[in-house]
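S.K.: Next comes the structure file entry-v8.cif, holding mmCIF, C-alpha atoms and all ligand atoms.
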```
data_start
#
loop_
_atom_site.group_PDB
_atom_site.id
_atom_site.type_symbol
_atom_site.label_atom_id
_atom_site.label_comp_id
_atom_site.auth_asym_id
_atom_site.auth_seq_id
_atom_site.Cartn_x
_atom_site.Cartn_y
_atom_site.Cartn_z
ATOM 1 C CA MET N 1 -19.870 -20.482 -30.059
ATOM 2 C CA PRO N 2 -23.092 -19.525 -28.194
ATOM 3 C CA VAL N 3 -23.603 -15.891 -27.202
ATOM 4 C CA GLN N 4 -25.513 -14.488 -24.219
ATOM 5 C CA CYS N 5 -27.237 -11.105 -24.214
ATOM 6 C CA VAL N 6 -25.982 -8.835 -21.420
ATOM 7 C CA ARG N 7 -29.434 -7.222 -20.941
ATOM 8 C CA CYS N 8 -32.154 -9.886 -21.383
ATOM 9 C CA GLN N 9 -29.788 -12.831 -20.664
ATOM 10 C CA SER N 10 -31.170 -14.775 -23.665
ATOM 11 C CA GLU N 11 -28.700 -17.328 -24.972
ATOM 12 C CA GLY N 12 -28.262 -18.809 -28.416
ATOM 13 C CA ARG N 13 -26.361 -19.038 -31.658
ATOM 14 C CA VAL N 14 -25.617 -16.031 -33.828
ATOM 15 C CA SER N 15 -28.050 -16.875 -36.613
ATOM 16 C CA SER N 16 -31.120 -17.270 -34.331
ATOM 17 C CA ASN N 17 -31.244 -14.567 -31.631
ATOM 18 C CA PHE N 18 -28.263 -12.394 -32.447
ATOM 19 C CA VAL N 19 -26.995 -10.392 -35.391
ATOM 20 C CA ARG N 20 -23.323 -9.682 -36.014
ATOM 21 C CA ASP N 21 -22.819 -5.957 -35.698
ATOM 22 C CA GLY N 22 -19.246 -5.166 -36.720
ATOM 23 C CA PHE N 23 -16.142 -5.493 -34.582
ATOM 24 C CA PHE N 24 -13.546 -3.378 -32.841
ATOM 25 C CA TYR N 25 -9.809 -3.740 -32.495
ATOM 26 C CA ARG N 26 -8.432 -3.940 -28.939
ATOM 27 C CA THR N 27 -4.908 -2.542 -28.924
ATOM 28 C CA SER N 28 -3.856 -3.784 -25.471
ATOM 29 C CA ASP N 29 -3.735 -7.424 -26.608
ATOM 30 C CA SER N 30 -4.012 -6.914 -30.414
ATOM 31 C CA THR N 31 -7.355 -8.710 -30.708
ATOM 32 C CA LYS N 32 -10.318 -8.232 -33.043
ATOM 33 C CA VAL N 33 -13.483 -8.377 -30.912
ATOM 34 C CA GLN N 34 -16.879 -9.219 -32.450
ATOM 35 C CA ARG N 35 -19.878 -7.017 -31.614
ATOM 36 C CA PHE N 36 -23.500 -8.308 -31.576
ATOM 37 C CA ARG N 37 -27.056 -6.958 -31.534
ATOM 38 C CA CYS N 38 -29.787 -8.862 -29.674
ATOM 39 C CA ALA N 39 -32.873 -9.508 -31.881
ATOM 40 C CA LEU N 40 -35.172 -9.652 -28.824
ATOM 41 C CA CYS N 41 -34.250 -6.550 -26.800
ATOM 42 C CA ARG N 42 -32.036 -4.746 -29.359
ATOM 43 C CA ALA N 43 -29.161 -4.430 -26.863
ATOM 44 C CA ARG N 44 -25.714 -4.003 -28.405
ATOM 45 C CA PHE N 45 -22.754 -5.719 -26.822
ATOM 46 C CA SER N 46 -19.568 -7.602 -27.705
ATOM 47 C CA ARG N 47 -17.647 -10.681 -26.601
ATOM 48 C CA ALA N 48 -15.638 -8.356 -24.314
ATOM 49 C CA THR N 49 -18.678 -7.036 -22.378
ATOM 50 C CA SER N 50 -19.037 -10.077 -20.115
ATOM 51 C CA HIS N 51 -15.288 -10.803 -19.878
ATOM 52 C CA SER N 52 -13.651 -10.627 -16.421
ATOM 53 C CA CYS N 53 -11.148 -8.026 -17.749
ATOM 54 C CA PHE N 54 -13.892 -5.725 -19.151
ATOM 55 C CA ARG N 55 -12.728 -2.075 -19.373
ATOM 56 C CA GLN N 56 -9.144 -2.918 -18.388
ATOM 57 C CA LYS N 57 -6.609 -1.025 -20.500
ATOM 58 C CA LYS N 58 -3.530 -2.943 -19.317
ATOM 59 C CA ARG N 59 -4.830 -6.508 -19.262
ATOM 60 C CA GLN N 60 -1.622 -7.819 -20.841
ATOM 61 C CA LYS N 61 0.230 -6.975 -17.591
ATOM 62 C CA ASN N 62 -2.067 -9.010 -15.317
ATOM 63 C CA GLU N 63 -0.170 -12.315 -15.469
ATOM 64 C CA LEU N 64 3.260 -10.725 -15.035
ATOM 65 C CA LEU N 65 2.026 -8.678 -12.075
ATOM 66 C CA ARG N 66 0.574 -11.833 -10.503
ATOM 67 C CA ARG N 67 3.960 -13.573 -10.754
ATOM 68 C CA LEU N 68 5.863 -10.573 -9.374
ATOM 69 C CA LEU N 69 3.523 -10.253 -6.377
ATOM 70 C CA CYS N 70 4.137 -13.940 -5.577
ATOM 71 C CA SER N 71 7.919 -13.602 -5.915
ATOM 72 C CA GLY N 72 8.799 -11.071 -3.234
ATOM 73 C CA VAL N 73 8.334 -7.886 -5.292
ATOM 74 C CA SER N 74 6.478 -4.991 -3.662
ATOM 75 C CA LEU N 75 3.501 -3.163 -5.182
ATOM 76 C CA ARG N 76 5.557 -0.029 -5.848
ATOM 77 C CA ARG N 77 8.457 -1.896 -7.441
ATOM 78 C CA SER N 78 5.999 -3.896 -9.597
ATOM 79 C CA ALA N 79 4.563 -0.574 -10.801
ATOM 80 C CA ILE N 80 8.057 0.600 -11.823
ATOM 81 C CA ILE N 81 8.983 -2.711 -13.508
ATOM 82 C CA LEU N 82 5.709 -2.940 -15.459
ATOM 83 C CA ARG N 83 5.501 0.801 -16.235
ATOM 84 C CA LEU N 84 2.131 1.153 -14.523
ATOM 85 C CA THR N 85 0.919 3.699 -12.019
ATOM 86 C CA ARG N 86 0.606 2.686 -8.370
ATOM 87 C CA VAL N 87 -3.161 3.177 -8.585
ATOM 88 C CA THR N 88 -3.421 0.662 -11.439
ATOM 89 C CA VAL N 89 -1.350 -1.879 -9.493
ATOM 90 C CA SER N 90 -3.495 -1.338 -6.422
ATOM 91 C CA ARG N 91 -6.701 -1.906 -8.451
ATOM 92 C CA LYS N 92 -5.178 -4.971 -10.077
ATOM 93 C CA LEU N 93 -4.375 -6.400 -6.627
ATOM 94 C CA PHE N 94 -8.117 -6.670 -5.925
ATOM 95 C CA PHE N 95 -8.906 -7.931 -9.424
ATOM 96 C CA LEU N 96 -6.207 -10.624 -9.169
ATOM 97 C CA SER N 97 -7.414 -11.648 -5.715
ATOM 98 C CA ARG N 98 -10.998 -12.098 -7.027
ATOM 99 C CA MET N 99 -9.668 -14.256 -9.874
ATOM 100 C CA ALA N 100 -7.434 -16.184 -7.437
ATOM 101 C CA LYS N 101 -10.417 -16.959 -5.196
ATOM 102 C CA ILE N 102 -12.384 -18.410 -8.131
ATOM 103 C CA GLN N 103 -9.387 -20.475 -9.302
ATOM 104 C CA LEU N 104 -8.644 -21.706 -5.769
ATOM 105 C CA HIS N 105 -12.220 -23.018 -5.396
ATOM 106 C CA ALA N 106 -12.137 -24.624 -8.847
ATOM 107 C CA ARG N 107 -8.846 -26.376 -8.058
ATOM 108 C CA HIS N 108 -10.040 -27.587 -4.642
ATOM 109 C CA SER N 109 -13.179 -29.059 -6.225
ATOM 110 C CA ARG N 110 -11.057 -31.040 -8.725
ATOM 111 C CA LEU N 111 -8.742 -32.517 -6.070
ATOM 112 C CA PRO N 112 -9.668 -35.171 -3.470
ATOM 113 C CA LEU N 113 -10.760 -34.026 0.003
ATOM 114 C CA ALA N 114 -7.931 -33.510 2.500
ATOM 115 C CA GLN N 115 -7.417 -36.284 5.091
ATOM 116 C CA VAL N 116 -4.754 -34.651 7.304
ATOM 117 C CA VAL N 117 -4.787 -30.897 7.933
ATOM 118 C CA GLU N 118 -2.247 -28.718 9.757
ATOM 119 C CA PHE N 119 -3.451 -25.509 11.312
ATOM 120 C CA ASP N 120 -1.759 -22.490 12.947
ATOM 121 C CA ASP N 121 -1.444 -18.684 13.175
ATOM 122 C CA LEU N 122 1.245 -16.362 11.795
ATOM 123 C CA GLU N 123 1.726 -12.871 13.224
ATOM 124 C CA THR N 124 2.224 -9.632 11.305
ATOM 125 C CA PHE N 125 0.912 -6.071 11.627
ATOM 126 C CA GLU N 126 -0.921 -3.333 9.722
ATOM 127 C CA HIS N 127 0.669 0.110 9.519
ATOM 128 C CA SER N 128 2.590 -0.107 12.796
ATOM 129 C CA ILE N 129 3.789 -2.694 15.300
ATOM 130 C CA ALA N 130 1.094 -1.321 17.622
ATOM 131 C CA LYS N 131 -1.586 -2.867 15.390
ATOM 132 C CA PRO N 132 -0.831 -6.583 15.170
ATOM 133 C CA LEU N 133 -2.666 -8.954 12.828
ATOM 134 C CA SER N 134 -3.051 -12.688 12.915
ATOM 135 C CA VAL N 135 -3.034 -14.780 9.718
ATOM 136 C CA THR N 136 -4.720 -18.140 10.330
ATOM 137 C CA LEU N 137 -3.698 -20.808 7.882
ATOM 138 C CA ALA N 138 -4.842 -24.375 7.133
ATOM 139 C CA VAL N 139 -2.568 -26.559 5.001
ATOM 140 C CA GLU N 140 -2.948 -30.122 3.740
ATOM 141 C CA SER N 141 -0.259 -32.290 5.311
ATOM 142 C CA GLY N 142 2.227 -33.730 2.815
ATOM 143 C CA SER N 143 1.194 -31.836 -0.319
ATOM 144 C CA ARG N 144 1.454 -28.407 1.421
ATOM 145 C CA ARG N 145 -1.680 -27.289 -0.449
ATOM 146 C CA ILE N 146 -3.114 -24.124 1.173
ATOM 147 C CA LEU N 147 -6.763 -24.896 1.992
ATOM 148 C CA ALA N 148 -7.961 -21.728 3.730
ATOM 149 C CA ILE N 149 -6.673 -18.369 4.992
ATOM 150 C CA ALA N 150 -8.173 -15.783 7.347
ATOM 151 C CA VAL N 151 -6.798 -12.424 8.560
ATOM 152 C CA SER N 152 -7.959 -10.951 11.871
ATOM 153 C CA SER N 153 -6.875 -8.174 14.199
ATOM 154 C CA MET N 154 -5.420 -9.113 17.583
ATOM 155 C CA PRO N 155 -4.445 -7.237 20.760
ATOM 156 C CA LEU N 156 -0.861 -6.394 21.645
ATOM 157 C CA ARG N 157 1.209 -8.662 23.886
ATOM 158 C CA PRO N 158 0.740 -7.816 27.602
ATOM 159 C CA SER N 159 4.287 -6.390 27.900
ATOM 160 C CA ARG N 160 3.435 -3.631 25.360
ATOM 161 C CA ALA N 161 -0.342 -3.354 25.797
ATOM 162 C CA HIS N 162 -0.175 -0.411 28.245
ATOM 163 C CA LEU N 163 1.750 1.743 25.707
ATOM 164 C CA TYR N 164 -0.920 1.816 22.954
ATOM 165 C CA PRO N 165 -4.734 2.005 22.644
ATOM 166 C CA ARG N 166 -6.664 -1.226 23.116
ATOM 167 C CA ARG N 167 -7.300 -3.302 20.037
ATOM 168 C CA PRO N 168 -10.168 -5.775 19.499
ATOM 169 C CA ASP N 169 -9.380 -9.481 19.397
ATOM 170 C CA GLN N 170 -11.053 -10.942 16.297
ATOM 171 C CA ARG N 171 -8.985 -14.114 16.108
ATOM 172 C CA SER N 172 -11.838 -16.317 17.295
ATOM 173 C CA LEU N 173 -14.150 -14.981 14.541
ATOM 174 C CA GLY N 174 -11.424 -15.460 11.919
ATOM 175 C CA ARG N 175 -10.724 -18.999 13.142
ATOM 176 C CA LYS N 176 -14.409 -19.946 13.052
ATOM 177 C CA SER N 177 -14.907 -18.635 9.497
ATOM 178 C CA LEU N 178 -11.788 -20.536 8.404
ATOM 179 C CA LEU N 179 -12.991 -23.776 10.023
ATOM 180 C CA LYS N 180 -16.389 -23.335 8.358
ATOM 181 C CA GLU N 181 -14.670 -22.977 4.979
ATOM 182 C CA LEU N 182 -12.542 -26.018 5.783
ATOM 183 C CA MET N 183 -15.607 -28.233 6.310
ATOM 184 C CA SER N 184 -16.281 -28.479 2.561
ATOM 185 C CA LEU N 185 -12.607 -29.213 1.759
ATOM 186 C CA THR N 186 -11.907 -32.044 4.190
ATOM 187 C CA SER N 187 -12.908 -35.672 4.363
ATOM 188 C CA PRO N 188 -15.840 -36.301 6.774
ATOM 189 C CA LYS N 189 -14.321 -39.669 7.810
ATOM 190 C CA ASN N 190 -10.961 -40.304 9.527
ATOM 191 C CA LEU N 191 -9.968 -36.628 9.441
ATOM 192 C CA VAL N 192 -6.849 -35.726 11.431
ATOM 193 C CA ILE N 193 -6.224 -32.081 12.419
ATOM 194 C CA LYS N 194 -2.761 -31.192 13.742
ATOM 195 C CA SER N 195 -2.046 -27.947 15.576
ATOM 196 C CA ASP N 196 0.190 -26.551 18.292
ATOM 197 C CA SER N 197 -0.909 -26.539 21.933
ATOM 198 C CA ASN N 198 -2.912 -23.262 21.741
ATOM 199 C CA PRO N 199 -5.820 -23.864 24.190
ATOM 200 C CA HIS N 200 -8.337 -21.888 22.043
ATOM 201 C CA TYR N 201 -8.083 -24.344 19.151
ATOM 202 C CA THR N 202 -9.540 -27.325 21.038
ATOM 203 C CA ASN N 203 -13.069 -25.894 21.490
ATOM 204 C CA ASP N 204 -13.374 -24.439 17.992
ATOM 205 C CA ILE N 205 -12.120 -27.613 16.292
ATOM 206 C CA GLY N 206 -14.384 -29.736 18.512
ATOM 207 C CA GLN N 207 -17.438 -27.658 17.517
ATOM 208 C CA HIS N 208 -16.820 -27.759 13.771
ATOM 209 C CA PHE N 209 -15.260 -31.236 13.477
ATOM 210 C CA PRO N 210 -16.733 -33.387 16.279
ATOM 211 C CA TYR N 211 -15.575 -36.658 14.628
ATOM 212 C CA ALA N 212 -12.042 -35.523 13.718
ATOM 213 C CA ILE N 213 -8.930 -36.570 15.651
ATOM 214 C CA HIS N 214 -7.224 -33.438 16.985
ATOM 215 C CA LYS N 215 -3.479 -33.934 17.603
ATOM 216 C CA ARG N 216 -1.730 -31.201 19.573
ATOM 217 C CA PHE N 217 2.027 -30.622 19.602
ATOM 218 C CA LEU N 218 4.209 -28.370 21.733
ATOM 219 C CA GLY N 219 5.541 -25.234 19.952
ATOM 220 C CA LYS N 220 9.313 -25.313 19.341
ATOM 221 C CA ARG N 221 12.103 -22.786 18.797
ATOM 222 C CA GLY N 222 12.897 -21.439 15.283
ATOM 223 C CA ALA N 223 15.873 -22.895 13.380
ATOM 224 C CA LEU N 224 17.579 -19.581 12.586
ATOM 225 C CA THR N 225 17.694 -16.275 14.418
ATOM 226 C CA GLY N 226 14.686 -14.224 13.313
ATOM 227 C CA GLN N 227 13.091 -17.137 11.504
ATOM 228 C CA GLY N 228 10.239 -18.450 13.577
ATOM 229 C CA GLU N 229 8.723 -20.843 11.084
ATOM 230 C CA LEU N 230 11.203 -23.597 10.289
ATOM 231 C CA LYS N 231 11.872 -25.415 13.554
ATOM 232 C CA LYS N 232 15.133 -26.678 15.025
ATOM 233 C CA LEU N 233 13.987 -30.263 15.142
ATOM 234 C CA ARG N 234 15.021 -33.508 13.512
ATOM 235 C CA PHE N 235 11.341 -34.289 12.963
ATOM 236 C CA ASP N 236 8.756 -31.493 12.903
ATOM 237 C CA PRO N 237 5.177 -32.829 13.205
ATOM 238 C CA LEU N 238 3.833 -29.576 11.706
ATOM 239 C CA PHE N 239 6.428 -29.429 8.911
ATOM 240 C CA SER N 240 3.977 -28.794 6.028
ATOM 241 C CA LEU N 241 2.458 -25.825 7.825
ATOM 242 C CA ASN N 242 5.743 -24.364 9.090
ATOM 243 C CA HIS N 243 7.333 -24.761 5.656
ATOM 244 C CA THR N 244 4.353 -22.981 4.035
ATOM 245 C CA CYS N 245 4.560 -20.138 6.591
ATOM 246 C CA ALA N 246 8.298 -19.821 5.822
ATOM 247 C CA MET N 247 7.409 -19.621 2.104
ATOM 248 C CA LEU N 248 4.869 -16.861 2.813
ATOM 249 C CA ARG N 249 7.620 -14.971 4.653
ATOM 250 C CA ALA N 250 10.035 -15.498 1.737
ATOM 251 C CA ASN N 251 7.693 -14.724 -1.175
ATOM 252 C CA ILE N 252 5.297 -12.015 -0.005
ATOM 253 C CA ASN N 253 7.205 -8.775 0.350
ATOM 254 C CA ARG N 254 4.980 -7.345 3.100
ATOM 255 C CA LEU N 255 5.613 -10.440 5.268
ATOM 256 C CA PHE N 256 9.448 -10.372 5.000
ATOM 257 C CA ARG N 257 11.257 -10.027 8.284
ATOM 258 C CA LYS N 258 13.201 -6.739 8.649
ATOM 259 C CA THR N 259 11.637 -4.982 5.646
ATOM 260 C CA TRP N 260 10.671 -1.458 4.640
ATOM 261 C CA CYS N 261 7.540 -2.772 3.018
ATOM 262 C CA THR N 262 4.645 -3.200 5.423
ATOM 263 C CA THR N 263 0.914 -3.812 5.193
ATOM 264 C CA LYS N 264 -1.189 -0.662 5.424
ATOM 265 C CA ARG N 265 -4.607 -2.269 5.181
ATOM 266 C CA LYS N 266 -5.964 -5.614 6.370
ATOM 267 C CA ASP N 267 -8.111 -6.240 3.254
ATOM 268 C CA ARG N 268 -5.072 -5.780 1.002
ATOM 269 C CA LEU N 269 -3.051 -8.255 3.031
ATOM 270 C CA LEU N 270 -5.840 -10.817 2.555
ATOM 271 C CA ALA N 271 -5.999 -10.016 -1.193
ATOM 272 C CA HIS N 272 -2.217 -10.521 -1.512
ATOM 273 C CA LEU N 273 -2.384 -13.773 0.482
ATOM 274 C CA LEU N 274 -5.134 -15.152 -1.776
ATOM 275 C CA ILE N 275 -3.081 -14.372 -4.901
ATOM 276 C CA TYR N 276 -0.093 -16.118 -3.352
ATOM 277 C CA ALA N 277 -2.157 -19.118 -2.176
ATOM 278 C CA ASN N 278 -3.411 -19.680 -5.721
ATOM 279 C CA TYR N 279 0.111 -19.410 -7.195
ATOM 280 C CA HIS N 280 1.489 -21.665 -4.441
ATOM 281 C CA ASN N 281 -1.128 -24.388 -5.078
ATOM 282 C CA GLN N 282 -0.752 -24.118 -8.855
ATOM 283 C CA ASN N 283 3.009 -23.742 -9.338
ATOM 284 C CA LEU N 284 4.913 -24.526 -6.148
ATOM 285 C CA THR N 285 3.296 -27.724 -4.881
ATOM 286 C CA GLN N 286 2.290 -31.104 -6.260
ATOM 287 C CA PRO N 287 -1.079 -32.711 -5.391
ATOM 288 C CA LEU N 288 -0.819 -35.908 -3.339
HETATM 289 ZN ZN ZN N 301 -31.293 -9.167 -25.332
#
```
How does the structure come out when it is put into structure tokens?
Ligand SMILES: [Zn+2]

M.R.:
Amino acid sequence: MPVQCVRCQSEGRVSSNFVRDGFFYRTSDSTKVQRFRCALCRARFSRATSHSCFRQKKRQKNELLRRLLCSGVSLRRSAIILRLTRVTVSRKLFFLSRMAKIQLHARHSRLPLAQVVEFDDLETFEHSIAKPLSVTLAVESGSRRILAIAVSSMPLRPSRAHLYPRRPDQRSLGRKSLLKELMSLTSPKNLVIKSDSNPHYTNDIGQHFPYAIHKRFLGKRGALTGQGELKKLRFDPLFSLNHTCAMLRANINRLFRKTWCTTKRKDRLLAHLLIYANYHNQNLTQPL
């Protein structure tokens, strides 16, 4: 197996550029790890130095934590179940989201480009109801594969706006970055984009996808009290998207309706969503 020096980046087999230099035993996953010395720059390193889990002491808990976070368990409860501190779980949230982003891209590149995309916003908040957030989501129709996610802050509804300080509306920025990301994941020919009748979507979709067919549908009432996503319709034209939003609400603790557990920071909501999106595409859906 070829080795790469962490300092001078030279690559090669052990006999040519590198000398074996003992090993160490990693207790967290009971592994013997080989150390090397570079013959060119004399740097000493091991197979663990360039690993994505470098310096993690609880790497064996990563996969279980990932599954718990995608199955409606909160960060604090995960810490209790896995016997970790809250700080470790919080750090692992960012680590898992970085890994999820890489895996999401790798999976998208293996699958064919999406032909029909459904697109909408989901509302939640950070810290308090006075600070609403918008989660913009693009889903492949039929397979329910999550293609892109963006989180942006939004102002309060007019009926409450006078009670709290003004809040910037970043939904347009979030939507544009999502559409930009979507350009590399969708078919350039015969693309169909479905959305509700939000008037802001038309311009943005027209700018980024001038040759796509944009189908707009009227928003409908939720099927159950307090459940806005699954619609009370015999045929829902945005079923893949609404079903995925309902799954986000069912599987991400901070998005549950009527919950104690709320988002405190926007970047952590995005990190949690990315981890879920990767799990959803890998384990909960089938490619078309
Ligand atoms: Zn070197």

S.K.: Written as a JSON list (two decimals) with C-alpha atoms, in the frame of the given file, which residues does the PyMOL selection byres (((chain N and resi 63-79) around 10) and not hetatm) give for the file shown?

M.R.:
```
[["chain", "number", "residue", "atom", "x", "y", "z"],
["N", 59, "ARG", "CA", -4.83, -6.51, -19.26],
["N", 60, "GLN", "CA", -1.62, -7.82, -20.84],
["N", 61, "LYS", "CA", 0.23, -6.98, -17.59],
["N", 62, "ASN", "CA", -2.07, -9.01, -15.32],
["N", 80, "ILE", "CA", 8.06, 0.60, -11.82],
["N", 81, "ILE", "CA", 8.98, -2.71, -13.51],
["N", 82, "LEU", "CA", 5.71, -2.94, -15.46],
["N", 83, "ARG", "CA", 5.50, 0.80, -16.24],
["N", 84, "LEU", "CA", 2.13, 1.15, -14.52],
["N", 85, "THR", "CA", 0.92, 3.70, -12.02],
["N", 86, "ARG", "CA", 0.61, 2.69, -8.37],
["N", 87, "VAL", "CA", -3.16, 3.18, -8.59],
["N", 88, "THR", "CA", -3.42, 0.66, -11.44],
["N", 89, "VAL", "CA", -1.35, -1.88, -9.49],
["N", 90, "SER", "CA", -3.50, -1.34, -6.42],
["N", 92, "LYS", "CA", -5.18, -4.97, -10.08],
["N", 93, "LEU", "CA", -4.38, -6.40, -6.63],
["N", 96, "LEU", "CA", -6.21, -10.62, -9.17],
["N", 97, "SER", "CA", -7.41, -11.65, -5.72],
["N", 100, "ALA", "CA", -7.43, -16.18, -7.44],
["N", 248, "LEU", "CA", 4.87, -16.86, 2.81],
["N", 249, "ARG", "CA", 7.62, -14.97, 4.65],
["N", 250, "ALA", "CA", 10.04, -15.50, 1.74],
["N", 251, "ASN", "CA", 7.69, -14.72, -1.18],
["N", 252, "ILE", "CA", 5.30, -12.02, 0.00],
["N", 253, "ASN", "CA", 7.20, -8.78, 0.35],
["N", 254, "ARG", "CA", 4.98, -7.34, 3.10],
["N", 255, "LEU", "CA", 5.61, -10.44, 5.27],
["N", 256, "PHE", "CA", 9.45, -10.37, 5.00],
["N", 260, "TRP", "CA", 10.67, -1.46, 4.64],
["N", 261, "CYS", "CA", 7.54, -2.77, 3.02],
["N", 262, "THR", "CA", 4.64, -3.20, 5.42],
["N", 272, "HIS", "CA", -2.22, -10.52, -1.51],
["N", 273, "LEU", "CA", -2.38, -13.77, 0.48],
["N", 275, "ILE", "CA", -3.08, -14.37, -4.90],
["N", 276, "TYR", "CA", -0.09, -16.12, -3.35],
["N", 277, "ALA", "CA", -2.16, -19.12, -2.18],
["N", 278, "ASN", "CA", -3.41, -19.68, -5.72],
["N", 279, "TYR", "CA", 0.11, -19.41, -7.20],
["N", 280, "HIS", "CA", 1.49, -21.66, -4.44]]
```

S.K.: I'd like the neighbourhood of Ala43 in chain N as an mmCIF file with C-alpha atoms, in the frame of the given file, where a residue qualifies if any of its atoms comes within 10 Å (using all atoms listed in the file), though same-chain residues fewer than 2 positions away should be ignored.

M.R.:
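Here's the written file selection-v4.cif:
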```cif
data_model
loop_
_atom_site.group_PDB
_atom_site.id
_atom_site.type_symbol
_atom_site.label_atom_id
_atom_site.label_comp_id
_atom_site.auth_asym_id
_atom_site.auth_seq_id
_atom_site.Cartn_x
_atom_site.Cartn_y
_atom_site.Cartn_z
ATOM 1 C CA CYS N 5 -27.237 -11.105 -24.214
ATOM 2 C CA VAL N 6 -25.982 -8.835 -21.420
ATOM 3 C CA ARG N 7 -29.434 -7.222 -20.941
ATOM 4 C CA CYS N 8 -32.154 -9.886 -21.383
ATOM 5 C CA PHE N 18 -28.263 -12.394 -32.447
ATOM 6 C CA PHE N 36 -23.500 -8.308 -31.576
ATOM 7 C CA ARG N 37 -27.056 -6.958 -31.534
ATOM 8 C CA CYS N 38 -29.787 -8.862 -29.674
ATOM 9 C CA ALA N 39 -32.873 -9.508 -31.881
ATOM 10 C CA LEU N 40 -35.172 -9.652 -28.824
ATOM 11 C CA CYS N 41 -34.250 -6.550 -26.800
ATOM 12 C CA PHE N 45 -22.754 -5.719 -26.822
#
```

S.K.: Give me the result of the PyMOL selection byres (((chain N and resi 146) around 10) and not hetatm) on this file, residue by residue, as a PDB file with C-alpha atoms, keeping the file's coordinate frame.

M.R.:
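Printed below is selection.pdb as written:
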```pdb
ATOM      1  CA  LEU N 104      -8.644 -21.706  -5.769  1.00  0.00           C
ATOM      2  CA  HIS N 108     -10.040 -27.587  -4.642  1.00  0.00           C
ATOM      3  CA  VAL N 117      -4.787 -30.897   7.933  1.00  0.00           C
ATOM      4  CA  GLU N 118      -2.247 -28.718   9.757  1.00  0.00           C
ATOM      5  CA  LEU N 137      -3.698 -20.808   7.882  1.00  0.00           C
ATOM      6  CA  ALA N 138      -4.842 -24.375   7.133  1.00  0.00           C
ATOM      7  CA  VAL N 139      -2.568 -26.559   5.001  1.00  0.00           C
ATOM      8  CA  GLU N 140      -2.948 -30.122   3.740  1.00  0.00           C
ATOM      9  CA  SER N 141      -0.259 -32.290   5.311  1.00  0.00           C
ATOM     10  CA  SER N 143       1.194 -31.836  -0.319  1.00  0.00           C
ATOM     11  CA  ARG N 144       1.454 -28.407   1.421  1.00  0.00           C
ATOM     12  CA  ARG N 145      -1.680 -27.289  -0.449  1.00  0.00           C
ATOM     13  CA  LEU N 147      -6.763 -24.896   1.992  1.00  0.00           C
ATOM     14  CA  ALA N 148      -7.961 -21.728   3.730  1.00  0.00           C
ATOM     15  CA  ILE N 149      -6.673 -18.369   4.992  1.00  0.00           C
ATOM     16  CA  SER N 240       3.977 -28.794   6.028  1.00  0.00           C
ATOM     17  CA  LEU N 241       2.458 -25.825   7.825  1.00  0.00           C
ATOM     18  CA  THR N 244       4.353 -22.981   4.035  1.00  0.00           C
ATOM     19  CA  LEU N 274      -5.134 -15.152  -1.776  1.00  0.00           C
ATOM     20  CA  TYR N 276      -0.093 -16.118  -3.352  1.00  0.00           C
ATOM     21  CA  ALA N 277      -2.157 -19.118  -2.176  1.00  0.00           C
ATOM     22  CA  ASN N 278      -3.411 -19.680  -5.721  1.00  0.00           C
ATOM     23  CA  HIS N 280       1.489 -21.665  -4.441  1.00  0.00           C
ATOM     24  CA  ASN N 281      -1.128 -24.388  -5.078  1.00  0.00           C
ATOM     25  CA  THR N 285       3.296 -27.724  -4.881  1.00  0.00           C
TER      26      THR N 285
END
```

S.K.: Would you compute the distance between CA of Arg268 in chain N and CA of Pro165 in chain N? Give it in Å to one decimal.

M.R.: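 According to the coordinates, CA of Arg268 in chain N and CA of Pro165 in chain N are separated by 23.0 Å.
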
S.K.: Between N:Gly219, N:Lys194, N:Leu113, N:Asp120, which residue has the minimum interatomic distance to Leu182 in chain N, considering all atoms listed in the file?

M.R.: N:Leu113

S.K.: Would you be able to write out as a PyMOL selection string which residues have an atom within 8 Å of (-22.5, -6.1, -36.4) in the file's coordinates, counting all atoms listed in the file?

M.R.: chain N and resi 19-23+34-37

S.K.: For the file shown, report as a list of chain:residue names the outcome of the PyMOL selection byres (((chain N and resi 112) around 10) and not hetatm) at residue level.

M.R.: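 Checking the PyMOL selection byres (((chain N and resi 112) around 10) and not hetatm) against this file, the residues are N:Arg107, N:His108, N:Ser109, N:Arg110, N:Leu111, N:Leu113, N:Ala114, N:Gln115, N:Leu185, N:Thr186, N:Ser187, N:Pro287, N:Leu288.
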
S.K.: Identify, on the basis of only C-alpha atoms, every residue whose closest approach to Val116 in chain N does not exceed 6 Å; exclude the query and any residue fewer than 3 positions from it along the same chain; express the result as a list in words.

M.R.: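 Skipping anything fewer than 3 positions along the chain leaves Ser141, Leu191, Val192 and Ile193 of chain N.
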
S.K.: My list of candidates is N:Ser30, N:Gln286, N:Asn17, N:Asn190. Which is closest to ligand ZN 301 (chain N) when distances are computed with all atoms listed in the file?

M.R.: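 Closest candidate: N:Asn17.
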
S.K.: Could you name the residues that touch Glu126 in chain N at 12 Å or less, counting only C-alpha atoms, but leaving out those on the same chain fewer than 2 positions away, as a PyMOL selection string?

M.R.: chain N and resi 123-124+128-135+151-154+254-255+261-270

S.K.: To one decimal place, how far is CA of Thr49 in chain N from CA of Met1 in chain N in Å?

M.R.: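 Answer for the CA of Thr49 in chain N to CA of Met1 in chain N separation: 15.5 Å.
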